[in-house]
file final-v5.csv (CSV, C-alpha atoms)
chain,number,residue,atom,x,y,z
S,70,MET,CA,-8.5,0.5,11.2
S,71,LEU,CA,-7.5,-2.4,8.9
S,72,ASP,CA,-3.8,-1.5,9.4
S,73,ILE,CA,-4.0,-3.2,12.9
S,74,ALA,CA,-6.5,-5.8,11.9
S,75,GLU,CA,-4.5,-8.8,13.1
S,76,GLU,CA,-4.4,-7.7,16.7
S,77,LEU,CA,-8.0,-6.4,16.6
S,78,HIS,CA,-9.2,-9.8,15.2
S,79,ARG,CA,-7.6,-11.5,18.2
S,80,TRP,CA,-9.4,-9.1,20.5
S,81,VAL,CA,-12.7,-9.9,18.8
S,82,GLU,CA,-12.1,-13.7,19.2
S,83,GLN,CA,-11.3,-13.1,22.9
S,84,GLY,CA,-14.5,-11.2,23.4
S,85,ARG,CA,-12.8,-7.9,24.4
S,86,ASP,CA,-14.6,-4.6,24.1
S,87,PHE,CA,-12.6,-1.9,22.4
S,88,ALA,CA,-12.8,1.5,20.7
S,89,VAL,CA,-10.9,2.5,17.6
S,90,ALA,CA,-9.7,5.9,16.6
S,91,THR,CA,-9.1,6.2,12.8
S,92,VAL,CA,-7.6,9.0,10.8
S,93,VAL,CA,-10.3,10.1,8.4
S,94,ALA,CA,-8.8,13.3,6.9
S,95,VAL,CA,-5.4,15.1,6.9
S,96,GLY,CA,-4.1,18.5,6.0
S,97,GLY,CA,-0.6,19.8,5.7
S,98,SER,CA,2.3,17.8,6.9
S,99,ALA,CA,0.4,15.2,8.8
S,100,PRO,CA,2.4,12.1,9.8
S,101,ARG,CA,-0.2,9.4,9.1
S,102,GLN,CA,-2.7,9.0,6.3
S,103,PRO,CA,-6.4,8.1,6.3
S,104,GLY,CA,-7.0,4.6,7.6
S,105,ALA,CA,-4.2,4.8,10.2
S,106,ALA,CA,-5.7,3.7,13.6
S,107,LEU,CA,-5.2,3.4,17.3
S,108,ALA,CA,-7.3,1.1,19.4
S,109,VAL,CA,-7.8,0.8,23.2
S,110,ASP,CA,-9.5,-2.2,24.9
S,111,GLY,CA,-11.5,-2.3,28.2
S,112,ASP,CA,-8.3,-3.0,30.2
S,113,GLY,CA,-6.6,0.1,28.8
S,114,THR,CA,-4.2,-1.8,26.4
S,115,ALA,CA,-3.4,0.3,23.3
S,116,ILE,CA,-2.2,-0.7,19.9
S,117,GLY,CA,-1.5,1.3,16.7
S,118,SER,CA,-0.9,5.0,16.1
S,119,VAL,CA,-2.7,7.9,14.5
S,120,SER,CA,0.0,10.6,14.7
S,121,GLY,CA,3.4,9.1,15.3
S,122,GLY,CA,3.2,10.3,18.9
S,123,CYS,CA,2.0,13.9,18.7
S,124,VAL,CA,-1.6,13.5,19.9
S,125,GLU,CA,-1.6,9.8,21.0
S,126,GLY,CA,-2.4,10.7,24.7
S,127,ALA,CA,-5.5,12.8,23.8
S,128,VAL,CA,-6.7,10.2,21.3
S,129,TYR,CA,-6.2,7.4,23.9
S,130,ASP,CA,-8.5,9.4,26.3
S,131,LEU,CA,-11.2,9.7,23.6
S,132,CYS,CA,-11.1,6.0,23.1
S,133,VAL,CA,-11.6,5.4,26.8
S,134,GLN,CA,-14.5,7.8,26.8
S,135,ALA,CA,-16.1,6.1,23.8
S,136,LEU,CA,-15.9,2.8,25.7
S,137,GLU,CA,-17.7,4.4,28.7
S,138,ASP,CA,-20.5,6.2,26.9
S,139,GLY,CA,-20.8,4.3,23.7
S,140,LYS,CA,-20.7,7.4,21.5
S,141,THR,CA,-19.0,8.0,18.2
S,142,VAL,CA,-17.3,11.3,17.7
S,143,VAL,CA,-15.0,13.1,15.3
S,144,GLU,CA,-12.2,15.3,16.7
S,145,ARG,CA,-9.8,17.6,14.9
S,146,PHE,CA,-6.2,18.0,16.0
S,147,GLY,CA,-3.8,20.7,14.7
S,148,TYR,CA,-0.7,22.7,15.5
S,149,SER,CA,-1.0,25.2,18.4
S,150,ASP,CA,0.9,28.4,17.6
S,151,GLU,CA,0.4,29.7,21.2
S,152,ASP,CA,1.7,26.6,22.9
S,153,ALA,CA,3.8,24.1,21.0
S,154,PHE,CA,3.5,21.7,23.9
S,155,ALA,CA,-0.2,21.8,23.9
S,156,VAL,CA,-2.1,18.9,22.4
S,157,GLY,CA,-1.5,19.3,18.7
S,158,LEU,CA,0.6,18.3,15.7
S,159,THR,CA,3.9,20.1,16.1
S,160,CYS,CA,4.7,19.2,12.5
S,161,GLY,CA,2.1,21.8,11.4
S,162,GLY,CA,-0.5,19.4,10.0
S,163,ILE,CA,-4.2,18.8,10.8
S,164,ILE,CA,-5.9,15.5,11.2
S,165,ASP,CA,-9.5,14.5,11.8
S,166,ILE,CA,-10.0,11.4,14.0
S,167,LEU,CA,-13.1,9.2,14.0
S,168,VAL,CA,-13.5,7.5,17.4
S,169,THR,CA,-15.9,4.5,17.4
S,170,PRO,CA,-16.7,1.9,20.1
S,171,VAL,CA,-16.6,-1.5,18.3
S,172,ARG,CA,-19.4,-3.8,19.4
S,173,GLY,CA,-20.5,-6.2,16.7
S,174,GLY,CA,-21.9,-5.0,13.4
S,175,VAL,CA,-19.7,-5.6,10.3
S,176,PHE,CA,-16.4,-4.9,12.1
S,177,PRO,CA,-15.6,-8.5,13.0
S,178,ALA,CA,-16.2,-9.7,9.4
S,179,ALA,CA,-14.0,-6.8,8.1
S,180,LEU,CA,-11.2,-7.7,10.4
S,181,ALA,CA,-11.4,-11.4,9.5
S,182,ALA,CA,-11.3,-10.5,5.8
S,183,ALA,CA,-8.2,-8.4,6.3
S,184,VAL,CA,-6.4,-11.1,8.4
S,185,SER,CA,-7.1,-13.8,5.8
S,186,GLY,CA,-6.0,-11.7,2.9
S,187,GLU,CA,-9.5,-11.5,1.4
S,188,ALA,CA,-10.3,-8.5,-0.7
S,189,ALA,CA,-13.0,-6.4,1.0
S,190,ALA,CA,-13.7,-2.7,1.7
S,191,LEU,CA,-15.0,-1.1,4.9
S,192,ALA,CA,-17.0,2.0,4.3
S,193,ARG,CA,-17.8,4.2,7.3
S,194,VAL,CA,-19.7,7.5,7.5
S,195,VAL,CA,-17.2,10.1,8.9
S,196,ASP,CA,-19.1,13.3,8.2
S,197,GLY,CA,-22.8,13.8,7.9
S,198,PRO,CA,-25.9,13.5,10.2
S,199,ALA,CA,-25.1,12.6,13.8
S,200,ASP,CA,-27.3,9.5,13.6
S,201,LEU,CA,-25.2,8.1,10.7
S,202,LEU,CA,-21.8,8.9,12.1
S,203,GLY,CA,-19.7,5.7,12.3
S,204,GLN,CA,-22.2,3.5,10.5
S,205,ALA,CA,-20.5,1.0,8.3
S,206,LEU,CA,-20.8,-1.3,5.3
S,207,LEU,CA,-18.5,-4.2,4.4
S,208,VAL,CA,-18.3,-4.4,0.6
S,209,ARG,CA,-17.0,-7.4,-1.4
S,210,PRO,CA,-15.3,-7.4,-4.9
S,211,ASP,CA,-18.5,-8.7,-6.5
S,212,GLY,CA,-20.5,-5.7,-5.2
S,213,SER,CA,-22.3,-7.5,-2.4
S,214,TYR,CA,-22.3,-5.9,1.0
S,215,GLU,CA,-23.1,-6.4,4.6
S,216,GLY,CA,-24.4,-3.9,7.1
S,217,LYS,CA,-26.6,-0.8,6.8
S,218,LEU,CA,-25.9,2.9,6.9
S,219,GLY,CA,-29.5,3.9,7.5
S,220,GLY,CA,-31.3,6.9,6.0
S,221,HIS,CA,-32.5,6.7,2.4
S,222,PRO,CA,-32.8,3.2,0.8
S,223,GLU,CA,-30.5,4.3,-2.0
S,224,LEU,CA,-27.7,5.3,0.4
S,225,ASP,CA,-26.4,1.8,1.0
S,226,ARG,CA,-26.4,0.9,-2.7
S,227,THR,CA,-24.6,4.1,-3.7
S,228,ALA,CA,-22.1,3.7,-0.9
S,229,ALA,CA,-21.4,0.1,-1.8
S,230,ALA,CA,-20.8,1.1,-5.4
S,231,GLU,CA,-18.3,3.8,-4.5
S,232,ALA,CA,-16.5,1.5,-2.1
S,233,ARG,CA,-16.3,-1.3,-4.7
S,234,ALA,CA,-14.7,1.2,-7.1
S,235,MET,CA,-12.1,2.1,-4.6
S,236,LEU,CA,-11.6,-1.6,-3.7
S,237,ASP,CA,-10.9,-2.4,-7.4
S,238,GLY,CA,-8.0,0.0,-7.2
S,239,GLY,CA,-6.8,-1.2,-3.8
S,240,ARG,CA,-7.3,2.4,-2.5
S,241,THR,CA,-8.1,3.9,0.9
S,242,GLY,CA,-9.6,7.4,1.1
S,243,THR,CA,-12.7,9.4,1.4
S,244,VAL,CA,-15.6,9.9,-1.0
S,245,GLU,CA,-18.5,12.3,-0.9
S,246,ILE,CA,-22.1,11.3,-1.9
S,247,GLY,CA,-25.5,12.7,-1.2
S,248,GLU,CA,-27.2,11.9,2.1
S,249,ASP,CA,-30.1,10.2,0.1
S,250,GLY,CA,-27.7,8.2,-2.0
S,251,SER,CA,-27.8,10.6,-5.0
S,252,ARG,CA,-24.8,12.5,-6.4
S,253,CYS,CA,-26.2,15.8,-5.2
S,254,GLY,CA,-28.1,17.0,-2.1
S,255,GLN,CA,-26.8,17.3,1.4
S,256,PRO,CA,-23.3,15.9,1.4
S,257,LEU,CA,-22.2,12.8,3.4
S,258,THR,CA,-18.5,11.7,3.5
S,259,LEU,CA,-17.4,8.1,3.7
S,260,LEU,CA,-14.0,6.7,4.6
S,261,VAL,CA,-13.3,3.6,2.5
S,262,GLU,CA,-10.6,1.3,3.7
S,263,SER,CA,-9.6,-1.3,1.2
S,264,SER,CA,-8.1,-4.6,2.3
S,265,VAL,CA,-6.5,-6.4,-0.6
S,266,PRO,CA,-3.9,-9.2,-0.8
S,267,ALA,CA,-0.3,-8.0,-0.5
S,268,PRO,CA,1.1,-6.6,-3.8
S,269,ARG,CA,3.6,-8.8,-5.6
S,270,MET,CA,7.3,-8.4,-6.0
S,271,ILE,CA,8.8,-10.8,-8.5
S,272,VAL,CA,12.6,-11.0,-8.4
S,273,PHE,CA,14.2,-12.6,-11.4
S,274,GLY,CA,17.7,-14.0,-10.9
S,275,ALA,CA,18.7,-16.0,-7.8
S,276,ILE,CA,21.9,-14.1,-6.9
S,277,ASP,CA,23.2,-12.5,-3.7
S,278,PHE,CA,21.6,-9.1,-4.6
S,279,ALA,CA,18.3,-10.9,-4.9
S,280,ALA,CA,18.6,-12.3,-1.3
S,281,ALA,CA,19.0,-8.8,0.0
S,282,LEU,CA,16.1,-7.5,-2.1
S,283,VAL,CA,13.8,-10.2,-0.9
S,284,ARG,CA,14.4,-9.0,2.7
S,285,VAL,CA,13.6,-5.4,1.6
S,286,GLY,CA,10.5,-6.5,-0.3
S,287,LYS,CA,9.1,-8.3,2.7
S,288,PHE,CA,9.9,-5.3,4.9
S,289,LEU,CA,7.9,-3.1,2.5
S,290,GLY,CA,4.9,-5.5,2.7
S,291,TYR,CA,5.2,-7.4,-0.6
S,292,HIS,CA,4.5,-11.0,-1.4
S,293,VAL,CA,7.9,-11.9,-2.8
S,294,THR,CA,8.6,-14.5,-5.5
S,295,VAL,CA,12.1,-15.5,-6.7
S,296,CYS,CA,12.3,-16.9,-10.2
S,297,ASP,CA,15.4,-18.4,-11.9
S,298,ALA,CA,15.8,-21.0,-14.6
S,299,ARG,CA,18.7,-22.6,-12.7
S,300,PRO,CA,17.5,-25.1,-10.0
S,301,VAL,CA,20.8,-25.2,-8.2
S,302,PHE,CA,20.5,-21.5,-7.3
S,303,ALA,CA,16.7,-21.1,-6.9
S,304,THR,CA,16.4,-22.9,-3.5
S,305,ALA,CA,14.6,-22.3,-0.3
S,306,ALA,CA,17.9,-22.6,1.6
S,307,ARG,CA,19.3,-19.6,-0.3
S,308,PHE,CA,16.0,-17.5,0.0
S,309,PRO,CA,14.4,-18.5,3.3
S,310,GLU,CA,12.3,-15.3,3.5
S,311,ALA,CA,10.8,-15.6,0.0
S,312,ASP,CA,7.1,-16.5,-0.2
S,313,GLU,CA,7.6,-18.5,-3.3
S,314,ILE,CA,10.5,-19.8,-5.4
S,315,VAL,CA,9.9,-20.7,-9.0
S,316,VAL,CA,12.3,-22.6,-11.3
S,317,ASP,CA,11.4,-21.6,-14.8
S,318,TRP,CA,12.6,-19.4,-17.6
S,319,PRO,CA,11.8,-15.8,-16.5
S,320,HIS,CA,9.8,-14.7,-19.6
S,321,ARG,CA,7.8,-18.0,-19.6
S,322,TYR,CA,6.9,-17.5,-15.9
S,323,LEU,CA,5.9,-13.9,-16.4
S,324,GLU,CA,3.6,-14.8,-19.3
S,325,SER,CA,1.8,-17.4,-17.2
S,326,THR,CA,1.5,-15.6,-13.8
S,327,GLU,CA,-0.9,-13.0,-12.6
S,328,VAL,CA,0.2,-9.4,-12.2
S,329,ASP,CA,-1.6,-6.1,-11.7
S,330,GLY,CA,-1.1,-2.4,-11.3
S,331,ARG,CA,0.7,-2.9,-7.9
S,332,THR,CA,3.1,-5.5,-9.0
S,333,VAL,CA,6.9,-4.7,-9.1
S,334,LEU,CA,9.3,-6.7,-11.2
S,335,CYS,CA,13.0,-6.7,-10.4
S,336,VAL,CA,15.3,-8.3,-13.1
S,337,LEU,CA,18.7,-9.0,-11.6
S,338,THR,CA,19.9,-11.5,-14.1
S,339,HIS,CA,21.9,-9.0,-16.3
S,340,ASP,CA,22.1,-11.7,-19.0
S,341,ALA,CA,20.8,-10.9,-22.4
S,342,LYS,CA,19.4,-14.4,-23.0
S,343,PHE,CA,17.1,-13.9,-19.9
S,344,ASP,CA,16.7,-10.1,-20.0
S,345,VAL,CA,15.6,-9.5,-23.6
S,346,PRO,CA,12.6,-11.9,-23.8
S,347,LEU,CA,11.6,-11.0,-20.2
S,348,LEU,CA,11.7,-7.2,-20.8
S,349,LYS,CA,10.0,-7.6,-24.1
S,350,THR,CA,7.1,-9.1,-22.2
S,351,ALA,CA,7.3,-6.8,-19.2
S,352,LEU,CA,7.2,-3.6,-21.3
S,353,LYS,CA,3.7,-4.5,-22.4
S,354,LEU,CA,2.3,-5.2,-18.9
S,355,PRO,CA,0.5,-2.6,-16.8
S,356,VAL,CA,2.7,-3.2,-13.7
S,357,ALA,CA,3.8,-0.5,-11.2
S,358,TYR,CA,7.6,-0.9,-11.6
S,359,ILE,CA,10.2,-2.9,-13.4
S,360,GLY,CA,14.0,-2.9,-12.7
S,361,ALA,CA,16.7,-4.6,-14.7
S,362,MET,CA,20.2,-4.9,-13.3
S,363,GLY,CA,23.2,-3.9,-15.4
S,364,SER,CA,25.8,-1.2,-16.0
S,365,ARG,CA,25.0,1.7,-18.3
S,366,ARG,CA,26.8,-0.1,-21.1
S,367,THR,CA,24.7,-3.1,-20.5
S,368,HIS,CA,21.6,-1.0,-20.5
S,369,GLU,CA,22.5,0.5,-23.9
S,370,ASP,CA,23.3,-2.9,-25.4
S,371,ARG,CA,20.0,-4.2,-24.0
S,372,ASN,CA,18.1,-1.3,-25.6
S,373,GLU,CA,19.6,-2.2,-29.0
S,374,ARG,CA,18.7,-5.8,-28.5
S,375,LEU,CA,15.1,-4.9,-27.5
S,376,ARG,CA,14.8,-2.7,-30.6
S,377,GLY,CA,15.9,-5.7,-32.6
S,378,VAL,CA,13.1,-7.8,-31.3
S,379,GLY,CA,10.4,-5.2,-32.1
S,380,VAL,CA,10.2,-3.2,-28.9
S,381,THR,CA,9.0,0.3,-29.9
S,382,GLU,CA,10.6,3.6,-28.9
S,383,LEU,CA,7.4,4.5,-27.0
S,384,GLU,CA,7.8,1.3,-24.9
S,385,LEU,CA,11.6,2.0,-24.4
S,386,ALA,CA,10.7,5.5,-23.2
S,387,ARG,CA,9.2,3.8,-20.2
S,388,LEU,CA,12.5,2.3,-19.3
S,389,ARG,CA,14.2,4.2,-16.5
S,390,SER,CA,17.9,3.6,-16.1
S,391,PRO,CA,19.8,3.0,-13.9
S,392,ILE,CA,17.4,1.5,-11.3
S,393,GLY,CA,17.4,2.8,-7.8
S,394,LEU,CA,18.2,6.1,-6.1
S,395,ASP,CA,21.7,7.4,-6.1
S,396,LEU,CA,22.9,6.3,-2.7
S,397,GLY,CA,26.4,5.3,-3.8
S,398,ALA,CA,25.4,1.7,-3.1
S,399,ARG,CA,28.0,-1.0,-3.4
S,400,THR,CA,26.9,-4.0,-1.3
S,401,PRO,CA,23.9,-6.2,-2.0
S,402,GLU,CA,22.1,-4.7,1.0
S,403,GLU,CA,22.8,-1.1,0.0
S,404,THR,CA,21.7,-1.9,-3.6
S,405,ALA,CA,18.5,-3.5,-2.3
S,406,LEU,CA,17.9,-0.4,-0.2
S,407,SER,CA,18.4,1.8,-3.3
S,408,ILE,CA,15.9,-0.2,-5.3
S,409,GLY,CA,13.4,-0.3,-2.5
S,410,ALA,CA,13.6,3.5,-2.1
S,411,GLU,CA,12.9,4.1,-5.7
S,412,ILE,CA,9.9,1.7,-5.6
S,413,VAL,CA,8.5,3.7,-2.7
S,414,ALA,CA,9.2,7.1,-4.4
S,415,ASN,CA,7.5,5.8,-7.6
S,416,ARG,CA,4.5,4.6,-5.6
S,417,ARG,CA,4.1,7.7,-3.5
S,418,GLY,CA,5.2,10.4,-5.9
S,419,GLY,CA,8.5,11.3,-4.2
S,420,SER,CA,11.4,13.0,-6.0
S,421,GLY,CA,14.1,11.0,-4.4
S,422,ALA,CA,15.9,14.2,-3.5
S,423,SER,CA,17.2,15.0,0.0
S,424,LEU,CA,14.5,16.7,2.2
S,425,THR,CA,17.2,19.0,3.7
S,426,GLY,CA,16.8,22.4,2.1
S,427,ALA,CA,13.9,21.3,0.0
S,428,HIS,CA,10.5,23.1,-0.1
S,429,THR,CA,8.4,20.3,-1.4
S,430,PRO,CA,5.8,18.5,0.7
S,431,ILE,CA,7.2,15.7,2.9
S,432,HIS,CA,4.0,13.6,2.5
S,433,HIS,CA,2.4,13.2,-1.0
S,434,ASP,CA,-1.2,12.5,-1.7
S,435,GLY,CA,-0.4,10.3,-4.6
S,436,PRO,CA,2.2,9.5,-7.2
S,437,ARG,CA,3.3,12.3,-9.5
S,438,ARG,CA,4.2,9.8,-12.3
S,439,PRO,CA,1.9,7.3,-14.0
S,440,ASP,CA,2.1,3.7,-13.0
S,441,GLY,CA,4.0,1.3,-15.3
S,442,LEU,CA,7.4,3.0,-15.1
S,443,ILE,CA,10.4,0.7,-15.7
S,444,GLY,CA,13.9,0.9,-14.5
S,445,SER,CA,17.3,-0.8,-14.7
S,446,VAL,CA,20.1,-1.1,-12.2
S,447,ALA,CA,23.7,0.1,-12.4
call {"tool": "encode", "arguments": {"input": "final-v5.csv", "output": "structure tokens"}}
result
Amino acid sequence: MLDIAEELHRWVEQGRDFAVATVVAVGGSAPRQPGAALAVDGDGTAIGSVSGGCVEGAVYDLCVQALEDGKTVVERFGYSDEDAFAVGLTCGGIIDILVTPVRGGVFPAALAAAVSGEAAALARVVDGPADLLGQALLVRPDGSYEGKLGGHPELDRTAAAEARAMLDGGRTGTVEIGEDGSRCGQPLTLLVESSVPAPRMIVFGAIDFAAALVRVGKFLGYHVTVCDARPVFATAARFPEADEIVVDWPHRYLESTEVDGRTVLCVLTHDAKFDVPLLKTALKLPVAYIGAMGSRRTHEDRNERLRGVGVTELELARLRSPIGLDLGARTPEETALSIGAEIVANRRGGSGASLTGAHTPIHHDGPRRPDGLIGSVA
């Protein structure tokens, strides 16, 4: 639901009644992941998507029905072998949809948090006793929470603790706990949607490739910073789409700024006096991805220089070179697309290979490789 928070927040401010259908579980080659949502207001206006088009009409009708009767339901949609044109997922997947009329509770506060960029998690009961279905808690990073799931007194505390753990990792997904709040007993499933500030992309080197990468980074939902020690190049006029422009030596800025496990670092300077101290620092940070521009020869020279300043072989083993997927890229825009594609593959666990003729899953549950991988660009 939080994926369409901005529009839903406007609906709340305008006093409009609406119902939300949220993907709570998927199986097979489903097009959208848990948390994806479609909403319908009292006038029949619809926003969002739960299936990329396969079952939108049927889900729309469920939302209209929820607005009329005020009931929360869970509906399963899957592929129909007998009639490919029947309501179902022609891609062969299965999705469970929670349909909830939104009338007060913690939902307005959850939407406001998402719109403002505040870290918070919305935990909703998606499987369990009928009287608890759709009940919700809004959980803050400090562990405090609003709302009430009902049932056993321990249930809210246990649910809040589970939601906080997922919020700490910026994750959205389901978790199973006991109906009485214990780790055993009759199971109850929660969907936890985490709303966290946009992940950071820091682009080092104010060059033409950087301008293209800034656009790709914004398109992928990153908060993009451009850093360069040369004030004549690091200007808002050259990077109008960047969220932040910093004039400083790259390694000094990286040492002073906040990064986390979702941060991606793209080093486009391909100049040893910038690259070596920057990568020496970067190799020790638990960030999601680092790329450093340069030819293969530049990469080998850089490795030797890094060894010379004390970077270990274990740290160098994290360095993936060259950066980006092999698209045959030449222009700044094509190169930026190559880098962005590798960042997505690293985040989602994709191989980067063509899907044509492949027998691997199209959608992955999570990354196959550990976070913290580092790359360099050819």
call {"tool": "closest_residue", "arguments": {"input": "final-v5.csv", "among": "S:Ser390, S:Gln83, S:Thr294, S:Ser420", "to": "Asp110 (chain S)", "atoms": "only C-alpha atoms"}}
result
S:Gln83
call {"tool": "residues_around", "arguments": {"input": "final-v5.csv", "residues": "region 280-287 of chain S", "least_positions_apart": "5", "cutoff": "10 Å", "atoms": "all atoms listed in the file", "output": "ChimeraX atom specification"}}
result
/S:267,269-272,274-275,292-295,307-312,333,335,337,400-410,412
call {"tool": "closest_residue", "arguments": {"input": "final-v5.csv", "among": "S:Gly96, S:Pro319, S:Gly426, S:Pro210", "to": "Ala230 (chain S)", "atoms": "all atoms listed in the file"}}
result
S:Pro210
call {"tool": "atom_distance", "arguments": {"input": "final-v5.csv", "atom1": "CA of Pro256 (chain S)", "atom2": "CA of Asp200 (chain S)"}}
result
14.3 Å
call {"tool": "atom_distance", "arguments": {"input": "final-v5.csv", "atom1": "CA of Val92 (chain S)", "atom2": "CA of Gln204 (chain S)"}}
result
15.6 Å
call {"tool": "residues_around", "arguments": {"input": "final-v5.csv", "residues": "region 160-169 of chain S", "least_positions_apart": "6", "cutoff": "7 Å", "atoms": "only C-alpha atoms", "output": "PyMOL selection string"}}
result
chain S and resi 88-99+131-132+135+140-148+195+203
call {"tool": "write_last_selection", "arguments": {"input": "final-v5.csv", "atoms": "C-alpha atoms", "output": "short mmCIF file (atom, residue, chain, number, x, y, z; two decimals), in the coordinates of the input"}}
result
data_model
loop_
_atom_site.label_atom_id
_atom_site.label_comp_id
_atom_site.auth_asym_id
_atom_site.auth_seq_id
_atom_site.Cartn_x
_atom_site.Cartn_y
_atom_site.Cartn_z
CA ALA S 88 -12.80 1.50 20.70
CA VAL S 89 -10.90 2.50 17.60
CA ALA S 90 -9.70 5.90 16.60
CA THR S 91 -9.10 6.20 12.80
CA VAL S 92 -7.60 9.00 10.80
CA VAL S 93 -10.30 10.10 8.40
CA ALA S 94 -8.80 13.30 6.90
CA VAL S 95 -5.40 15.10 6.90
CA GLY S 96 -4.10 18.50 6.00
CA GLY S 97 -0.60 19.80 5.70
CA SER S 98 2.30 17.80 6.90
CA ALA S 99 0.40 15.20 8.80
CA LEU S 131 -11.20 9.70 23.60
CA CYS S 132 -11.10 6.00 23.10
CA ALA S 135 -16.10 6.10 23.80
CA LYS S 140 -20.70 7.40 21.50
CA THR S 141 -19.00 8.00 18.20
CA VAL S 142 -17.30 11.30 17.70
CA VAL S 143 -15.00 13.10 15.30
CA GLU S 144 -12.20 15.30 16.70
CA ARG S 145 -9.80 17.60 14.90
CA PHE S 146 -6.20 18.00 16.00
CA GLY S 147 -3.80 20.70 14.70
CA TYR S 148 -0.70 22.70 15.50
CA VAL S 195 -17.20 10.10 8.90
CA GLY S 203 -19.70 5.70 12.30
#
call {"tool": "closest_residue", "arguments": {"input": "final-v5.csv", "among": "S:Thr338, S:Thr429, S:Ser325, S:Ser264", "to": "Ala298 (chain S)", "atoms": "only C-alpha atoms"}}
result
S:Thr338
call {"tool": "atom_distance", "arguments": {"input": "final-v5.csv", "atom1": "CA of Leu260 (chain S)", "atom2": "CA of Val244 (chain S)"}}
result
6.6 Å
call {"tool": "closest_residue", "arguments": {"input": "final-v5.csv", "among": "S:Gly239, S:Gly360, S:Gly418, S:Gly379", "to": "Gly330 (chain S)", "atoms": "only C-alpha atoms"}}
result
S:Gly239
call {"tool": "residues_near_point", "arguments": {"input": "final-v5.csv", "point": "(-15.5, 8.4, 3.5)", "cutoff": "10 Å", "atoms": "all atoms listed in the file", "output": "compact mmCIF listing (two decimals) with C-alpha atoms, in the coordinates of the input"}}
result
# COMPACT_ATOMS: atom_id res chain seq x y z
CA VAL S 93 -10.30 10.10 8.40
CA ALA S 94 -8.80 13.30 6.90
CA PRO S 103 -6.40 8.10 6.30
CA LEU S 191 -15.00 -1.10 4.90
CA ALA S 192 -17.00 2.00 4.30
CA ARG S 193 -17.80 4.20 7.30
CA VAL S 194 -19.70 7.50 7.50
CA VAL S 195 -17.20 10.10 8.90
CA ASP S 196 -19.10 13.30 8.20
CA ALA S 228 -22.10 3.70 -0.90
CA GLU S 231 -18.30 3.80 -4.50
CA ALA S 232 -16.50 1.50 -2.10
CA THR S 241 -8.10 3.90 0.90
CA GLY S 242 -9.60 7.40 1.10
CA THR S 243 -12.70 9.40 1.40
CA VAL S 244 -15.60 9.90 -1.00
CA GLU S 245 -18.50 12.30 -0.90
CA ILE S 246 -22.10 11.30 -1.90
CA LEU S 257 -22.20 12.80 3.40
CA THR S 258 -18.50 11.70 3.50
CA LEU S 259 -17.40 8.10 3.70
CA LEU S 260 -14.00 6.70 4.60
CA VAL S 261 -13.30 3.60 2.50
CA GLU S 262 -10.60 1.30 3.70
call {"tool": "residues_around", "arguments": {"input": "final-v5.csv", "residues": "region 347-355 of chain S", "least_positions_apart": "6", "cutoff": "10 Å", "atoms": "only C-alpha atoms", "output": "PyMOL selection string"}}
result
chain S and resi 273+318-324+328-332+334+336+341+361+371-372+374-376+378-381+383-388+440-443
call {"tool": "write_last_selection", "arguments": {"input": "final-v5.csv", "atoms": "C-alpha atoms", "output": "mmCIF file, keeping the file's coordinate frame"}}
result
data_model
loop_
_atom_site.group_PDB
_atom_site.id
_atom_site.type_symbol
_atom_site.label_atom_id
_atom_site.label_comp_id
_atom_site.auth_asym_id
_atom_site.auth_seq_id
_atom_site.Cartn_x
_atom_site.Cartn_y
_atom_site.Cartn_z
ATOM 1 C CA PHE S 273 14.200 -12.600 -11.400
ATOM 2 C CA TRP S 318 12.600 -19.400 -17.600
ATOM 3 C CA PRO S 319 11.800 -15.800 -16.500
ATOM 4 C CA HIS S 320 9.800 -14.700 -19.600
ATOM 5 C CA ARG S 321 7.800 -18.000 -19.600
ATOM 6 C CA TYR S 322 6.900 -17.500 -15.900
ATOM 7 C CA LEU S 323 5.900 -13.900 -16.400
ATOM 8 C CA GLU S 324 3.600 -14.800 -19.300
ATOM 9 C CA VAL S 328 0.200 -9.400 -12.200
ATOM 10 C CA ASP S 329 -1.600 -6.100 -11.700
ATOM 11 C CA GLY S 330 -1.100 -2.400 -11.300
ATOM 12 C CA ARG S 331 0.700 -2.900 -7.900
ATOM 13 C CA THR S 332 3.100 -5.500 -9.000
ATOM 14 C CA LEU S 334 9.300 -6.700 -11.200
ATOM 15 C CA VAL S 336 15.300 -8.300 -13.100
ATOM 16 C CA ALA S 341 20.800 -10.900 -22.400
ATOM 17 C CA ALA S 361 16.700 -4.600 -14.700
ATOM 18 C CA ARG S 371 20.000 -4.200 -24.000
ATOM 19 C CA ASN S 372 18.100 -1.300 -25.600
ATOM 20 C CA ARG S 374 18.700 -5.800 -28.500
ATOM 21 C CA LEU S 375 15.100 -4.900 -27.500
ATOM 22 C CA ARG S 376 14.800 -2.700 -30.600
ATOM 23 C CA VAL S 378 13.100 -7.800 -31.300
ATOM 24 C CA GLY S 379 10.400 -5.200 -32.100
ATOM 25 C CA VAL S 380 10.200 -3.200 -28.900
ATOM 26 C CA THR S 381 9.000 0.300 -29.900
ATOM 27 C CA LEU S 383 7.400 4.500 -27.000
ATOM 28 C CA GLU S 384 7.800 1.300 -24.900
ATOM 29 C CA LEU S 385 11.600 2.000 -24.400
ATOM 30 C CA ALA S 386 10.700 5.500 -23.200
ATOM 31 C CA ARG S 387 9.200 3.800 -20.200
ATOM 32 C CA LEU S 388 12.500 2.300 -19.300
ATOM 33 C CA ASP S 440 2.100 3.700 -13.000
ATOM 34 C CA GLY S 441 4.000 1.300 -15.300
ATOM 35 C CA LEU S 442 7.400 3.000 -15.100
ATOM 36 C CA ILE S 443 10.400 0.700 -15.700
#
call {"tool": "closest_residue", "arguments": {"input": "final-v5.csv", "among": "S:Ala305, S:Met70, S:Val265, S:Val316", "to": "Leu107 (chain S)", "atoms": "all atoms listed in the file"}}
result
S:Met70
